[in-house]
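Visitor: Coordinates in run26.pdb, PDB, C-alpha atoms, are listed below.
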ATOM      1  CA  MET M   1     107.899 127.420  87.815
ATOM      2  CA  ALA M   2     108.739 126.060  84.377
ATOM      3  CA  PRO M   3     106.761 123.082  83.047
ATOM      4  CA  VAL M   4     108.318 119.661  83.576
ATOM      5  CA  LYS M   5     108.831 117.327  80.632
ATOM      6  CA  PHE M   6     107.973 113.830  81.814
ATOM      7  CA  THR M   7     109.870 110.826  80.533
ATOM      8  CA  ILE M   8     107.262 108.055  80.493
ATOM      9  CA  ILE M   9     108.386 104.478  79.989
ATOM     10  CA  GLY M  10     106.732 101.085  79.666
ATOM     11  CA  GLU M  11     103.896  99.531  77.751
ATOM     12  CA  PRO M  12     100.263 100.699  77.677
ATOM     13  CA  GLY M  13      98.648  99.644  80.926
ATOM     14  CA  ASN M  14     102.044  99.488  82.668
ATOM     15  CA  LEU M  15     103.509 102.980  82.442
ATOM     16  CA  THR M  16     105.856 104.661  84.895
ATOM     17  CA  VAL M  17     107.804 107.898  85.097
ATOM     18  CA  SER M  18     111.584 107.803  84.755
ATOM     19  CA  GLN M  19     113.600 108.689  87.842
ATOM     20  CA  CYS M  20     115.364 111.257  85.649
ATOM     21  CA  THR M  21     112.166 113.303  85.326
ATOM     22  CA  PHE M  22     112.561 114.735  88.821
ATOM     23  CA  CYS M  23     116.365 115.021  88.970
ATOM     24  CA  THR M  24     117.992 118.423  89.392
ATOM     25  CA  HIS M  25     120.822 117.465  87.017
ATOM     26  CA  ARG M  26     118.801 116.727  83.856
ATOM     27  CA  SER M  27     118.793 118.929  80.782
ATOM     28  CA  PRO M  28     115.643 120.779  79.676
ATOM     29  CA  ASP M  29     115.116 118.277  76.830
ATOM     30  CA  ALA M  30     115.367 115.377  79.358
ATOM     31  CA  THR M  31     117.837 113.367  77.243
ATOM     32  CA  LYS M  32     121.083 114.474  78.925
ATOM     33  CA  CYS M  33     122.278 115.532  82.351
ATOM     34  CA  LYS M  34     125.353 116.760  84.209
ATOM     35  CA  ALA M  35     126.426 113.152  84.839
ATOM     36  CA  PHE M  36     125.861 112.096  81.214
ATOM     37  CA  PRO M  37     126.227 115.120  78.893
ATOM     38  CA  SER M  38     126.281 112.866  75.815
ATOM     39  CA  GLY M  39     123.015 111.138  76.755
ATOM     40  CA  ILE M  40     121.477 109.357  79.732
ATOM     41  CA  PRO M  41     121.952 105.555  79.609
ATOM     42  CA  THR M  42     118.734 103.636  79.004
ATOM     43  CA  GLU M  43     119.254 101.625  82.204
ATOM     44  CA  LEU M  44     118.792 104.865  84.147
ATOM     45  CA  LEU M  45     116.010 106.276  81.972
ATOM     46  CA  TYR M  46     114.077 102.992  82.294
ATOM     47  CA  ASN M  47     114.626 102.728  86.077
ATOM     48  CA  GLU M  48     116.609  99.501  85.706
ATOM     49  CA  HIS M  49     119.265 100.999  87.996
ATOM     50  CA  ASP M  50     118.620 103.189  91.033
ATOM     51  CA  HIS M  51     120.768 106.247  90.341
ATOM     52  CA  THR M  52     121.063 107.141  94.009
ATOM     53  CA  LEU M  53     123.713 104.394  93.748
ATOM     54  CA  PRO M  54     126.930 104.660  91.714
ATOM     55  CA  TYR M  55     126.707 103.980  87.976
ATOM     56  CA  GLU M  56     129.710 103.584  85.700
ATOM     57  CA  GLY M  57     130.655 106.882  84.072
ATOM     58  CA  ASP M  58     128.527 109.160  86.294
ATOM     59  CA  ASN M  59     131.643 110.899  87.709
ATOM     60  CA  GLY M  60     130.085 110.846  91.178
ATOM     61  CA  ILE M  61     127.057 112.867  90.037
ATOM     62  CA  ARG M  62     123.919 111.030  91.131
ATOM     63  CA  TYR M  63     120.178 111.503  91.285
ATOM     64  CA  GLN M  64     119.126 114.483  93.367
ATOM     65  CA  ALA M  65     115.420 115.207  93.633
ATOM     66  CA  VAL M  66     114.110 118.584  92.533
ATOM     67  CA  GLU M  67     112.231 120.596  95.116
ATOM     68  CA  LEU M  68     108.659 120.949  93.969
ATOM     69  CA  GLY M  69     106.574 123.957  94.852
ATOM     70  CA  ALA M  70     103.425 123.792  96.925
ATOM     71  CA  ALA M  71     100.458 122.134  95.280
ATOM     72  CA  ARG M  72      97.647 124.380  94.136
ATOM     73  CA  LYS M  73      94.039 123.428  93.547
ATOM     74  CA  VAL M  74      92.990 123.959  89.951
ATOM     75  CA  ALA M  75      89.659 125.708  89.574
ATOM     76  CA  SER M  76      87.017 123.474  88.037
TER      77      SER M  76
END
Any chance you could put this one into structure tokens?

Guide:
Amino acid sequence: MAPVKFTIIGEPGNLTVSQCTFCTHRSPDATKCKAFPSGIPTELLYNEHDHTLPYEGDNGIRYQAVELGAARKVAS
């Protein structure tokens, strides 16, 4: 499985991961997706809009969660 690039938003002490991080439609560089090939709107990147709901210009392409593999314990 390829590494995931996380999009982290917020201020120190109040950080969260963007909903786009785990969407099947995002580009490898995490700045574009199938719904927004010219760039993901900041409202979506910053979780100000739930993209399981329609968003202007998304052409009906919405958030779809990636399927993550089984967790593995890392040797200590």

Visitor: List, as a ChimeraX atom specification, every residue that the PyMOL selection byres ((chain M and resi 13-21) around 8) selects in the file provided.

Guide: /M:4-12,22-23,26,30,44-47,51,63

Visitor: In Å, with one decimal, what is the gap from atom CA of Gly39 of chain M to atom CA of Gly69 of chain M?

Guide: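 So the answer is 27.6 Å.
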
Visitor: Would you translate the PyMOL selection byres ((chain M and resi 35) around 7) into the concrete set of residues it matches in this file, as a VMD selection string?

Guide: chain M and resid 33 to 34 36 to 37 58 to 59 61

Visitor: With C-alpha atoms retained, write the just-selected residues as a PDB file, in the coordinates of the input.

Guide:
ATOM      1  CA  CYS M  33     122.278 115.532  82.351  1.00  0.00           C
ATOM      2  CA  LYS M  34     125.353 116.760  84.209  1.00  0.00           C
ATOM      3  CA  PHE M  36     125.861 112.096  81.214  1.00  0.00           C
ATOM      4  CA  PRO M  37     126.227 115.120  78.893  1.00  0.00           C
ATOM      5  CA  ASP M  58     128.527 109.160  86.294  1.00  0.00           C
ATOM      6  CA  ASN M  59     131.643 110.899  87.709  1.00  0.00           C
ATOM      7  CA  ILE M  61     127.057 112.867  90.037  1.00  0.00           C
TER       8      ILE M  61
END

Visitor: Would you translate the PyMOL selection byres ((chain M and resi 52) around 8) into the concrete set of residues it matches in this file, as a list in words?

Guide: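 Applying the PyMOL selection byres ((chain M and resi 52) around 8) to the structure shown produces Asp50, His51, Leu53, Pro54, Arg62, Tyr63 and Gln64 of chain M.
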
Visitor: So the first atom is atom CA of Ser27 of chain M and the second is atom CA of Val66 of chain M; what is the distance between them in Å, to one decimal place?

Guide: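 Interatomic distance here is 12.7 Å.
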
Visitor: Work out how far atom CA of Ala65 of chain M is from atom CA of His25 of chain M, in Å to one decimal.

Guide: 8.8 Å
